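Q: Just one file: structure.txt, with compact mmCIF, C-alpha atoms.
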# COMPACT_ATOMS: atom_id res chain seq x y z
CA MET A 1 -27.94 -79.92 8.13
CA GLU A 2 -28.43 -76.15 8.28
CA SER A 3 -26.23 -73.74 10.21
CA LEU A 4 -27.35 -72.12 13.44
CA THR A 5 -27.72 -68.78 11.65
CA ASP A 6 -30.01 -70.26 9.00
CA TYR A 7 -31.98 -72.16 11.62
CA ALA A 8 -32.48 -69.01 13.70
CA LYS A 9 -33.73 -67.07 10.67
CA ASN A 10 -36.39 -69.72 10.03
CA ASP A 11 -37.35 -70.44 13.63
CA SER A 12 -40.75 -68.93 14.35
CA VAL A 13 -41.12 -70.15 17.94
CA SER A 14 -41.32 -67.34 20.47
CA THR A 15 -41.29 -67.76 24.22
CA GLY A 16 -43.45 -64.69 24.78
CA TYR A 17 -41.38 -63.89 27.87
CA THR A 18 -41.49 -60.35 29.17
CA ALA A 19 -39.12 -59.41 31.96
CA TRP A 20 -40.81 -58.35 35.21
CA ARG A 21 -39.30 -54.88 34.96
CA ASP A 22 -40.84 -54.41 31.50
CA LYS A 23 -44.35 -55.62 32.28
CA SER A 24 -45.68 -52.20 33.25
CA PRO A 25 -44.64 -48.56 33.45
CA GLU A 26 -44.81 -48.86 37.24
CA ASN A 27 -42.37 -51.79 37.21
CA GLN A 28 -40.04 -49.85 34.91
CA LYS A 29 -40.09 -46.93 37.33
CA MET A 30 -39.40 -49.18 40.33
CA TRP A 31 -36.56 -50.90 38.51
CA ARG A 32 -34.99 -47.56 37.54
CA GLU A 33 -35.22 -46.46 41.18
CA ALA A 34 -33.59 -49.72 42.28
CA VAL A 35 -30.73 -49.39 39.78
CA ASP A 36 -30.18 -45.74 40.72
CA GLY A 37 -30.15 -46.69 44.40
CA TYR A 38 -27.60 -49.42 43.73
CA LYS A 39 -25.40 -46.97 41.82
CA ASN A 40 -25.67 -44.54 44.74
CA GLY A 41 -24.46 -47.07 47.29
CA ILE A 42 -27.61 -48.69 48.67
CA MET A 43 -26.81 -52.30 49.52
CA PRO A 44 -28.32 -54.92 47.19
CA SER A 45 -29.93 -56.72 50.13
CA VAL A 46 -31.88 -53.54 51.05
CA ILE A 47 -32.98 -53.01 47.44
CA ILE A 48 -34.06 -56.64 47.11
CA ARG A 49 -36.12 -56.51 50.32
CA TRP A 50 -37.74 -53.26 49.13
CA LEU A 51 -38.61 -54.73 45.73
CA LYS A 52 -40.03 -57.92 47.24
CA ASP A 53 -41.69 -56.62 50.42
CA GLU A 54 -42.91 -53.22 49.27
CA LYS A 55 -43.36 -53.71 45.53
CA GLY A 56 -44.34 -57.38 45.22
CA CYS A 57 -41.50 -58.40 42.92
CA PRO A 58 -41.65 -62.19 42.39
CA LEU A 59 -38.00 -62.65 41.37
CA THR A 60 -35.49 -64.49 43.55
CA ASP A 61 -32.83 -62.67 45.52
CA ASN A 62 -30.10 -64.12 43.32
CA THR A 63 -31.85 -63.06 40.11
CA LEU A 64 -32.35 -59.51 41.38
CA ARG A 65 -28.76 -59.26 42.60
CA ASN A 66 -27.41 -60.40 39.21
CA GLN A 67 -29.75 -58.11 37.28
CA LEU A 68 -28.73 -55.10 39.36
CA LYS A 69 -25.06 -55.80 38.68
CA ASP A 70 -25.74 -56.32 34.97
CA ALA A 71 -27.80 -53.12 34.72
CA VAL A 72 -25.01 -51.04 36.23
CA ASN A 73 -22.29 -52.72 34.15
CA HIS A 74 -24.19 -52.10 30.90
CA GLU A 75 -24.87 -48.41 31.39
What does the file become when written as structure tokens?
A:
Amino acid sequence: MESLTDYAKNDSVSTGYTAWRDKSPENQKMWREAVDGYKNGIMPSVIIRWLKDEKGCPLTDNTLRNQLKDAVNHE
């Protein structure tokens, strides 16, 4: 039985997943604006409504809330 490291090196399956924020330059710009707004004190609920209502973001509220927190914590 091979180790996880060896298995991962030989595994050629790719999900092909691209995050919504990385699918286009426009999405990247919107996401940057959302993260900057969050850092500047705009409430997550306002940002989420803006992304969904104004920008057509298909992600769930919970996913967006977690990704905003992660983005700020990793900068």
Q: Mind listing as a PyMOL selection string all residues within 12 Å of (-31.8, -60.5, 43.0), counting all atoms listed in the file?
A: chain A and resi 31+34-35+38+43-52+57-71
Q: Pick out the closest residue to Gln28 (chain A) from this set: A:Ile42, A:Lys55, A:Gly16, A:His74. Count only C-alpha atoms.
A: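 Nearest to Gln28 (chain A): A:Lys55.
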Q: As an exercise, work out the distance from CA of Glu2 (chain A) to CA of Thr15 (chain A) in Å and give it to one decimal place.
A: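 So the answer is 22.1 Å.
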Q: To one decimal place, how far is CA of Lys39 (chain A) from CA of Asn73 (chain A) in Å?
A: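 Between CA of Lys39 (chain A) and CA of Asn73 (chain A) the gap is 10.1 Å.
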Q: Hey, can you check how far CA of Asp6 (chain A) sits from CA of Ala19 (chain A)?
A: 27.0 Å
Q: Rank nothing, just name the residue among A:Gly56, A:Asp11, A:Tyr17, A:Thr5 nearest to Met30 (chain A), using all atoms listed in the file.
A: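 Using all atoms listed in the file, the shortest distance to Met30 (chain A) belongs to A:Gly56.
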Q: Around all the atoms of region 8-27 of chain A listed in the file, draw an axis-aligned box and extend it by 6 Å on each of the six sides; I want its centre and edge lengths in Å to one decimal, as JSON.
A:
{"center_x": -39.1, "center_y": -59.5, "center_z": 23.6, "size_x": 25.2, "size_y": 33.9, "size_z": 39.2}
Q: My structure is short of atoms at region 39-58 of chain A; please model N, CA, C and O atoms there, returning them as an mmCIF file, in the frame of the given file.
A:
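Result file is out08.cif:
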data_model
loop_
_atom_site.group_PDB
_atom_site.id
_atom_site.type_symbol
_atom_site.label_atom_id
_atom_site.label_comp_id
_atom_site.auth_asym_id
_atom_site.auth_seq_id
_atom_site.Cartn_x
_atom_site.Cartn_y
_atom_site.Cartn_z
ATOM 1 N N LYS A 39 -26.511 -47.802 42.285
ATOM 2 C CA LYS A 39 -25.400 -46.970 41.820
ATOM 3 C C LYS A 39 -24.989 -45.946 42.874
ATOM 4 O O LYS A 39 -23.831 -45.550 42.944
ATOM 5 N N ASN A 40 -25.938 -45.541 43.713
ATOM 6 C CA ASN A 40 -25.670 -44.540 44.740
ATOM 7 C C ASN A 40 -25.284 -45.152 46.091
ATOM 8 O O ASN A 40 -25.261 -44.454 47.102
ATOM 9 N N GLY A 41 -25.014 -46.454 46.091
ATOM 10 C CA GLY A 41 -24.460 -47.070 47.290
ATOM 11 C C GLY A 41 -25.425 -47.806 48.200
ATOM 12 O O GLY A 41 -25.016 -48.290 49.255
ATOM 13 N N ILE A 42 -26.683 -47.900 47.848
ATOM 14 C CA ILE A 42 -27.610 -48.690 48.670
ATOM 15 C C ILE A 42 -27.277 -50.162 48.479
ATOM 16 O O ILE A 42 -27.092 -50.622 47.353
ATOM 17 N N MET A 43 -27.190 -50.881 49.554
ATOM 18 C CA MET A 43 -26.810 -52.300 49.520
ATOM 19 C C MET A 43 -27.849 -53.114 48.743
ATOM 20 O O MET A 43 -29.061 -52.876 48.889
ATOM 21 N N PRO A 44 -27.387 -54.077 47.948
ATOM 22 C CA PRO A 44 -28.320 -54.920 47.190
ATOM 23 C C PRO A 44 -29.361 -55.597 48.073
ATOM 24 O O PRO A 44 -30.521 -55.711 47.683
ATOM 25 N N SER A 45 -28.981 -56.022 49.257
ATOM 26 C CA SER A 45 -29.930 -56.720 50.130
ATOM 27 C C SER A 45 -31.097 -55.798 50.519
ATOM 28 O O SER A 45 -32.239 -56.243 50.615
ATOM 29 N N VAL A 46 -30.828 -54.516 50.716
ATOM 30 C CA VAL A 46 -31.880 -53.540 51.050
ATOM 31 C C VAL A 46 -32.793 -53.347 49.835
ATOM 32 O O VAL A 46 -34.020 -53.343 49.960
ATOM 33 N N ILE A 47 -32.200 -53.197 48.664
ATOM 34 C CA ILE A 47 -32.980 -53.010 47.440
ATOM 35 C C ILE A 47 -33.861 -54.218 47.179
ATOM 36 O O ILE A 47 -35.039 -54.080 46.847
ATOM 37 N N ILE A 48 -33.311 -55.406 47.354
ATOM 38 C CA ILE A 48 -34.060 -56.640 47.110
ATOM 39 C C ILE A 48 -35.237 -56.751 48.066
ATOM 40 O O ILE A 48 -36.354 -57.070 47.657
ATOM 41 N N ARG A 49 -35.004 -56.464 49.351
ATOM 42 C CA ARG A 49 -36.120 -56.510 50.320
ATOM 43 C C ARG A 49 -37.194 -55.498 49.950
ATOM 44 O O ARG A 49 -38.384 -55.785 50.028
ATOM 45 N N TRP A 50 -36.788 -54.297 49.535
ATOM 46 C CA TRP A 50 -37.740 -53.260 49.130
ATOM 47 C C TRP A 50 -38.569 -53.729 47.933
ATOM 48 O O TRP A 50 -39.795 -53.611 47.940
ATOM 49 N N LEU A 51 -37.888 -54.267 46.914
ATOM 50 C CA LEU A 51 -38.610 -54.730 45.730
ATOM 51 C C LEU A 51 -39.585 -55.857 46.068
ATOM 52 O O LEU A 51 -40.710 -55.881 45.567
ATOM 53 N N LYS A 52 -39.178 -56.773 46.922
ATOM 54 C CA LYS A 52 -40.030 -57.920 47.240
ATOM 55 C C LYS A 52 -41.114 -57.568 48.257
ATOM 56 O O LYS A 52 -42.279 -57.907 48.051
ATOM 57 N N ASP A 53 -40.731 -56.904 49.338
ATOM 58 C CA ASP A 53 -41.690 -56.620 50.420
ATOM 59 C C ASP A 53 -42.635 -55.473 50.093
ATOM 60 O O ASP A 53 -43.824 -55.543 50.386
ATOM 61 N N GLU A 54 -42.114 -54.418 49.516
ATOM 62 C CA GLU A 54 -42.910 -53.220 49.270
ATOM 63 C C GLU A 54 -43.543 -53.172 47.885
ATOM 64 O O GLU A 54 -44.571 -52.535 47.692
ATOM 65 N N LYS A 55 -42.904 -53.826 46.915
ATOM 66 C CA LYS A 55 -43.360 -53.710 45.530
ATOM 67 C C LYS A 55 -43.866 -55.019 44.933
ATOM 68 O O LYS A 55 -44.302 -55.050 43.797
ATOM 69 N N GLY A 56 -43.778 -56.114 45.686
ATOM 70 C CA GLY A 56 -44.340 -57.380 45.220
ATOM 71 C C GLY A 56 -43.578 -58.056 44.099
ATOM 72 O O GLY A 56 -44.152 -58.849 43.351
ATOM 73 N N CYS A 57 -42.302 -57.778 43.979
ATOM 74 C CA CYS A 57 -41.500 -58.400 42.920
ATOM 75 C C CYS A 57 -41.362 -59.898 43.189
ATOM 76 O O CYS A 57 -40.955 -60.307 44.276
ATOM 77 N N PRO A 58 -41.677 -60.740 42.188
ATOM 78 C CA PRO A 58 -41.650 -62.190 42.390
ATOM 79 C C PRO A 58 -40.290 -62.842 42.136
ATOM 80 O O PRO A 58 -40.152 -64.045 42.327
#
